[in-house]
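Chemist: Below is the structure I would like to discuss, written out as C-alpha cells.
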Amino acid sequence: MEPNICMIAGANSEIAAAIAKQLLPKYHLLLCWHKEHHRIDELLKSSNVSAYQADLRCEEQVRTLMEDIFQTYSKIDLLVNCVGKNSSIPDEEITEAVWDDVISSNLKPAYLLCKYYWKYCDRHSHGCIIHLSSTAGLRPRPSSPHYITAKAGLIALSKYYAQIMAPNIRVNTIAPGYVQTERHGSPDYDGIRNRIPLKRMADLSEIASTVTYIADCQYLTGQTIVVDGGLTV
C-alpha cells in the first residue's frame with residue numbers, strides 16, 4: 001500500500017515542527033526548510049521522513065523541488081505551508097526593503113507552491129493544501145501593516161486556488177491568534193493572555209490538530225479556520 005505523502009514547507013518553525021510530529025504516524029513526511037533545521041533534527045532521523053532544502057521565494061528552486069517530489073512520489077496528499085515572516089518594528093521604521101521582504105516571504109512561497117503543485121499533480125487525484133496565515137489578516141490593528149497585508153493576501157490567495165483546483169484539490173487556511181511558542185512564553189505577554197476570552201494562548205498541538213481536521217474533512221475548501229480562543233470576537 002502506497003504511503004500518504006505530506007509536504008511541510010517552512011518545517012523548522014515551532015508550529016511546523018509540532019505539526020510534523022503529530023502527522024508522522026500517518027504520513028511519509030517531506031520536510032522542507034531554507035536556512036535552519038535544528039527543531040526537526042530528531043524527525044530527520046526517521047525512515048519515514050525525507051529532507052529538502054530550498055528558498056521557496058525563488059521560483060526556479062520551487063519548480064525543481066516540486067518536479068522532483070512529483071517524479072519521486074507521484075503525489076502530495078497534504079501540503080502544509082508554514083513559511084512566513086514578520087518584522088516587529090514601529091510603522092515609521094518600515095522601509096521599502098522591509099516591506100518587500102515581509103510581503104515576499106509570506107506570499108511568494110504560497111503562490112509558487114500552489115502554482116507548481118497544480119502544474120505537476122495528477123488532476124484526477126485528490127489532495128489538500130493548507131496555508132498558515134494569522135488573525136492579523138482578518139483583524140487589522142494599527143501596527144505591522146506589512147504583515148497584516150501579507151496575511152490577508154495569503155487568505156485571498158487560498159480562496160483563489162480553492163476555486164482553480166476544485167473539485168479534487170482542496171485549499172484552506174488556518175488563522176491562528178497567539179500561540180504558546182518560545183517567544184510568547186515571557187510575562188510580557190500576560191496582558192495579551194488576559195484579553196483572550198479563553199485566558200490562554202493556543203497550544204502547538206491545537207494548531208496541529210486543526211491541520212488534521214482540515215485534512216480529514218473532505219467537504220472543506222476555500223475556508224479560513226480561526227484558532228484564537230475568541231480573540232477576534
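Residues are referred to by chain and number: the chain letter is A, B, ... according to the order shown in the C-alpha cells, the number counts from 1 in that chain, and ligands are numbered separately from 1 in the order shown.
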Compile the contact shell of stretch 199-212 of chain A as number ranges by chain: residues with an atom at most 8 Å away, counting only C-alpha atoms, same-chain residues fewer than 3 positions apart removed.
Modeler: A: 14-15, 18-19, 22-23, 130, 174, 176-181, 193-196, 215-216, 227-229
Chemist: Name the residues of stretch 68-196 of chain A that come out as alpha helix (DSSP H) in a backbone DSSP run; write them as a PyMOL selection string.
Modeler: chain A and resi 68-73+96-120+145-165+190-195
Chemist: Please produce a file of those selected residues containing C-alpha atoms, as a PDB file, in the first residue's frame.
Modeler:
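Output contents, as saved in selection.pdb:
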```
ATOM      1  CA  ASP A  68      11.470  16.194  -8.108  1.00  0.00           C
ATOM      2  CA  ILE A  69       8.831  15.383  -5.479  1.00  0.00           C
ATOM      3  CA  PHE A  70       6.136  14.514  -8.008  1.00  0.00           C
ATOM      4  CA  GLN A  71       8.564  12.428 -10.044  1.00  0.00           C
ATOM      5  CA  THR A  72       9.623  10.539  -6.907  1.00  0.00           C
ATOM      6  CA  TYR A  73       6.266  10.091  -5.153  1.00  0.00           C
ATOM      7  CA  GLU A  96      10.726  49.768   1.372  1.00  0.00           C
ATOM      8  CA  ALA A  97      13.187  46.891   1.799  1.00  0.00           C
ATOM      9  CA  VAL A  98      11.456  45.681   4.987  1.00  0.00           C
ATOM     10  CA  TRP A  99       8.028  45.924   3.330  1.00  0.00           C
ATOM     11  CA  ASP A 100       9.184  43.959   0.271  1.00  0.00           C
ATOM     12  CA  ASP A 101      10.881  41.303   2.417  1.00  0.00           C
ATOM     13  CA  VAL A 102       7.816  40.601   4.588  1.00  0.00           C
ATOM     14  CA  ILE A 103       5.372  40.628   1.666  1.00  0.00           C
ATOM     15  CA  SER A 104       7.604  38.361  -0.424  1.00  0.00           C
ATOM     16  CA  SER A 105       8.417  35.959   2.434  1.00  0.00           C
ATOM     17  CA  ASN A 106       4.734  35.380   3.215  1.00  0.00           C
ATOM     18  CA  LEU A 107       3.116  35.440  -0.216  1.00  0.00           C
ATOM     19  CA  LYS A 108       5.634  34.273  -2.779  1.00  0.00           C
ATOM     20  CA  PRO A 109       6.200  30.758  -1.357  1.00  0.00           C
ATOM     21  CA  ALA A 110       2.428  30.193  -1.133  1.00  0.00           C
ATOM     22  CA  TYR A 111       1.917  31.325  -4.709  1.00  0.00           C
ATOM     23  CA  LEU A 112       4.802  29.273  -6.102  1.00  0.00           C
ATOM     24  CA  LEU A 113       3.900  26.128  -4.165  1.00  0.00           C
ATOM     25  CA  CYS A 114       0.315  26.279  -5.450  1.00  0.00           C
ATOM     26  CA  LYS A 115       1.454  27.094  -8.969  1.00  0.00           C
ATOM     27  CA  TYR A 116       3.770  24.103  -9.258  1.00  0.00           C
ATOM     28  CA  TYR A 117       1.552  21.766  -7.280  1.00  0.00           C
ATOM     29  CA  TRP A 118      -1.119  22.449  -9.898  1.00  0.00           C
ATOM     30  CA  LYS A 119       1.390  22.087 -12.734  1.00  0.00           C
ATOM     31  CA  TYR A 120       2.715  18.672 -11.700  1.00  0.00           C
ATOM     32  CA  PRO A 145       0.750  46.980   8.075  1.00  0.00           C
ATOM     33  CA  HIS A 146       3.202  44.926   6.012  1.00  0.00           C
ATOM     34  CA  TYR A 147       2.427  41.741   7.997  1.00  0.00           C
ATOM     35  CA  ILE A 148      -1.319  42.448   8.008  1.00  0.00           C
ATOM     36  CA  THR A 149      -1.291  42.898   4.237  1.00  0.00           C
ATOM     37  CA  ALA A 150       0.741  39.740   3.681  1.00  0.00           C
ATOM     38  CA  LYS A 151      -1.505  37.553   5.842  1.00  0.00           C
ATOM     39  CA  ALA A 152      -4.697  38.980   4.321  1.00  0.00           C
ATOM     40  CA  GLY A 153      -3.229  38.324   0.901  1.00  0.00           C
ATOM     41  CA  LEU A 154      -2.485  34.740   1.880  1.00  0.00           C
ATOM     42  CA  ILE A 155      -6.136  34.186   2.769  1.00  0.00           C
ATOM     43  CA  ALA A 156      -7.234  35.671  -0.562  1.00  0.00           C
ATOM     44  CA  LEU A 157      -4.705  33.546  -2.454  1.00  0.00           C
ATOM     45  CA  SER A 158      -6.043  30.398  -0.771  1.00  0.00           C
ATOM     46  CA  LYS A 159      -9.594  31.256  -1.814  1.00  0.00           C
ATOM     47  CA  TYR A 160      -8.424  31.828  -5.377  1.00  0.00           C
ATOM     48  CA  TYR A 161      -6.680  28.467  -5.645  1.00  0.00           C
ATOM     49  CA  ALA A 162      -9.581  26.709  -3.920  1.00  0.00           C
ATOM     50  CA  GLN A 163     -11.633  27.649  -6.984  1.00  0.00           C
ATOM     51  CA  ILE A 164      -8.922  26.902  -9.527  1.00  0.00           C
ATOM     52  CA  MET A 165      -8.015  23.477  -8.112  1.00  0.00           C
ATOM     53  CA  ASP A 190       0.437  38.226  30.192  1.00  0.00           C
ATOM     54  CA  GLY A 191      -1.636  41.234  29.217  1.00  0.00           C
ATOM     55  CA  ILE A 192      -2.474  39.624  25.884  1.00  0.00           C
ATOM     56  CA  ARG A 193      -3.474  36.372  27.609  1.00  0.00           C
ATOM     57  CA  ASN A 194      -5.886  38.311  29.765  1.00  0.00           C
ATOM     58  CA  ARG A 195      -7.532  39.844  26.681  1.00  0.00           C
TER      59      ARG A 195
END
```
Chemist: So, with only C-alpha atoms as the atoms that count, which of A:Gly84, A:Pro187, A:Pro25, A:Pro142 lies closest to A:Asn12?
Modeler: A:Gly84
Chemist: Rank A:Thr173, A:Ser144, A:Asn48, A:Gln61 by their smallest atom-to-atom distance to A:Val80, using only C-alpha atoms, and report the top residue only.
Modeler: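 Between A:Thr173, A:Ser144, A:Asn48, A:Gln61, the residue approaching A:Val80 most closely is A:Thr173.
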Chemist: Which residue, A:Ala17, A:Glu182, A:Lys26, A:Glu59, has the smallest gap to A:Asp41 when you use only C-alpha atoms?
Modeler: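 Residue with the minimum atom-to-atom distance to A:Asp41: A:Ala17.
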Chemist: In Å, rounded to a single decimal, give me how far atom CA of A:Leu138 is from atom CA of A:Pro167.
Modeler: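 Here the two named atoms are 26.1 Å from each other.
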Chemist: When you draw a straight line from atom CA of A:Leu31 to atom CA of A:His131, how long is it in Å?
Modeler: 15.1 Å
Chemist: Here is a test: counting only C-alpha atoms, which residue of A:Ser143, A:Gly222, A:Leu56, A:His124 is nearest to A:Ile94?
Modeler: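 Closest candidate: A:Ser143.
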Chemist: Mind the document's chain letters and residue numbers, and return as a PyMOL selection string the residues of stretch 15-179 of chain A that DSSP labels strand (DSSP E).
Modeler: chain A and resi 28-33+49-53+78-81+127-132+169-176
Chemist: May I have the residues from that selection written out with N, CA and C atoms, as an mmCIF file, in the first residue's frame?
Modeler:
```
data_model
loop_
_atom_site.group_PDB
_atom_site.id
_atom_site.type_symbol
_atom_site.label_atom_id
_atom_site.label_comp_id
_atom_site.auth_asym_id
_atom_site.auth_seq_id
_atom_site.Cartn_x
_atom_site.Cartn_y
_atom_site.Cartn_z
ATOM 1 N N HIS A 28 4.164 9.789 5.263
ATOM 2 C CA HIS A 28 5.595 9.947 4.974
ATOM 3 C C HIS A 28 5.806 11.438 4.792
ATOM 4 N N LEU A 29 6.676 12.021 5.612
ATOM 5 C CA LEU A 29 6.843 13.471 5.619
ATOM 6 C C LEU A 29 7.977 13.921 4.714
ATOM 7 N N LEU A 30 7.715 14.976 3.965
ATOM 8 C CA LEU A 30 8.721 15.670 3.182
ATOM 9 C C LEU A 30 8.915 17.025 3.846
ATOM 10 N N LEU A 31 9.999 17.167 4.598
ATOM 11 C CA LEU A 31 10.221 18.385 5.365
ATOM 12 C C LEU A 31 11.154 19.316 4.608
ATOM 13 N N CYS A 32 10.668 20.520 4.350
ATOM 14 C CA CYS A 32 11.439 21.484 3.558
ATOM 15 C C CYS A 32 11.763 22.699 4.412
ATOM 16 N N TRP A 33 13.025 23.051 4.491
ATOM 17 C CA TRP A 33 13.446 24.239 5.218
ATOM 18 C C TRP A 33 14.403 25.030 4.339
ATOM 19 N N VAL A 49 10.780 9.987 6.943
ATOM 20 C CA VAL A 49 10.947 11.414 6.680
ATOM 21 C C VAL A 49 12.005 11.612 5.608
ATOM 22 N N SER A 50 11.703 12.497 4.658
ATOM 23 C CA SER A 50 12.677 12.907 3.649
ATOM 24 C C SER A 50 12.914 14.404 3.796
ATOM 25 N N ALA A 51 14.137 14.843 3.528
ATOM 26 C CA ALA A 51 14.515 16.230 3.784
ATOM 27 C C ALA A 51 14.826 16.968 2.486
ATOM 28 N N TYR A 52 14.406 18.226 2.441
ATOM 29 C CA TYR A 52 14.657 19.088 1.282
ATOM 30 C C TYR A 52 15.033 20.479 1.777
ATOM 31 N N GLN A 53 16.020 21.063 1.126
ATOM 32 C CA GLN A 53 16.405 22.436 1.458
ATOM 33 C C GLN A 53 16.195 23.306 0.227
ATOM 34 N N LEU A 78 -1.021 15.868 1.137
ATOM 35 C CA LEU A 78 -1.229 17.021 2.008
ATOM 36 C C LEU A 78 -0.005 17.918 1.946
ATOM 37 N N LEU A 79 -0.234 19.186 1.650
ATOM 38 C CA LEU A 79 0.841 20.174 1.648
ATOM 39 C C LEU A 79 0.500 21.219 2.700
ATOM 40 N N VAL A 80 1.374 21.378 3.681
ATOM 41 C CA VAL A 80 1.162 22.362 4.745
ATOM 42 C C VAL A 80 2.239 23.429 4.614
ATOM 43 N N ASN A 81 1.800 24.651 4.323
ATOM 44 C CA ASN A 81 2.731 25.754 4.115
ATOM 45 C C ASN A 81 2.822 26.606 5.365
ATOM 46 N N GLY A 127 -6.121 15.836 -3.202
ATOM 47 C CA GLY A 127 -5.087 16.397 -2.343
ATOM 48 C C GLY A 127 -5.622 17.558 -1.539
ATOM 49 N N CYS A 128 -4.808 18.024 -0.619
ATOM 50 C CA CYS A 128 -5.213 19.099 0.270
ATOM 51 C C CYS A 128 -4.017 20.017 0.526
ATOM 52 N N ILE A 129 -4.250 21.308 0.401
ATOM 53 C CA ILE A 129 -3.229 22.320 0.692
ATOM 54 C C ILE A 129 -3.732 23.183 1.840
ATOM 55 N N ILE A 130 -2.879 23.401 2.838
ATOM 56 C CA ILE A 130 -3.231 24.237 3.984
ATOM 57 C C ILE A 130 -2.147 25.292 4.170
ATOM 58 N N HIS A 131 -2.563 26.554 4.154
ATOM 59 C CA HIS A 131 -1.638 27.655 4.415
ATOM 60 C C HIS A 131 -1.838 28.169 5.835
ATOM 61 N N LEU A 132 -0.740 28.470 6.523
ATOM 62 C CA LEU A 132 -0.798 29.071 7.845
ATOM 63 C C LEU A 132 -0.750 30.589 7.699
ATOM 64 N N ILE A 169 -8.651 19.014 -5.584
ATOM 65 C CA ILE A 169 -7.650 19.554 -4.668
ATOM 66 C C ILE A 169 -8.316 20.626 -3.811
ATOM 67 N N ARG A 170 -8.262 20.455 -2.513
ATOM 68 C CA ARG A 170 -8.859 21.421 -1.595
ATOM 69 C C ARG A 170 -7.774 22.353 -1.046
ATOM 70 N N VAL A 171 -8.134 23.638 -0.901
ATOM 71 C CA VAL A 171 -7.183 24.630 -0.397
ATOM 72 C C VAL A 171 -7.850 25.432 0.721
ATOM 73 N N ASN A 172 -7.242 25.424 1.892
ATOM 74 C CA ASN A 172 -7.784 26.129 3.049
ATOM 75 C C ASN A 172 -6.672 26.862 3.795
ATOM 76 N N THR A 173 -7.098 27.689 4.743
ATOM 77 C CA THR A 173 -6.166 28.484 5.534
ATOM 78 C C THR A 173 -6.481 28.327 7.015
ATOM 79 N N ILE A 174 -5.441 28.282 7.831
ATOM 80 C CA ILE A 174 -5.610 28.374 9.277
ATOM 81 C C ILE A 174 -5.111 29.752 9.714
ATOM 82 N N ALA A 175 -5.916 30.440 10.508
ATOM 83 C CA ALA A 175 -5.522 31.749 11.025
ATOM 84 C C ALA A 175 -5.398 31.667 12.543
ATOM 85 N N PRO A 176 -4.226 31.322 13.044
ATOM 86 C CA PRO A 176 -4.050 31.282 14.499
ATOM 87 C C PRO A 176 -4.014 32.695 15.082
#
```
Chemist: So the first atom is atom CA of A:Met7 and the second is atom CA of A:Ala20; what is the distance between them in Å, to one decimal place?
Modeler: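 Interatomic distance, atom CA of A:Met7 to atom CA of A:Ala20: 9.3 Å.
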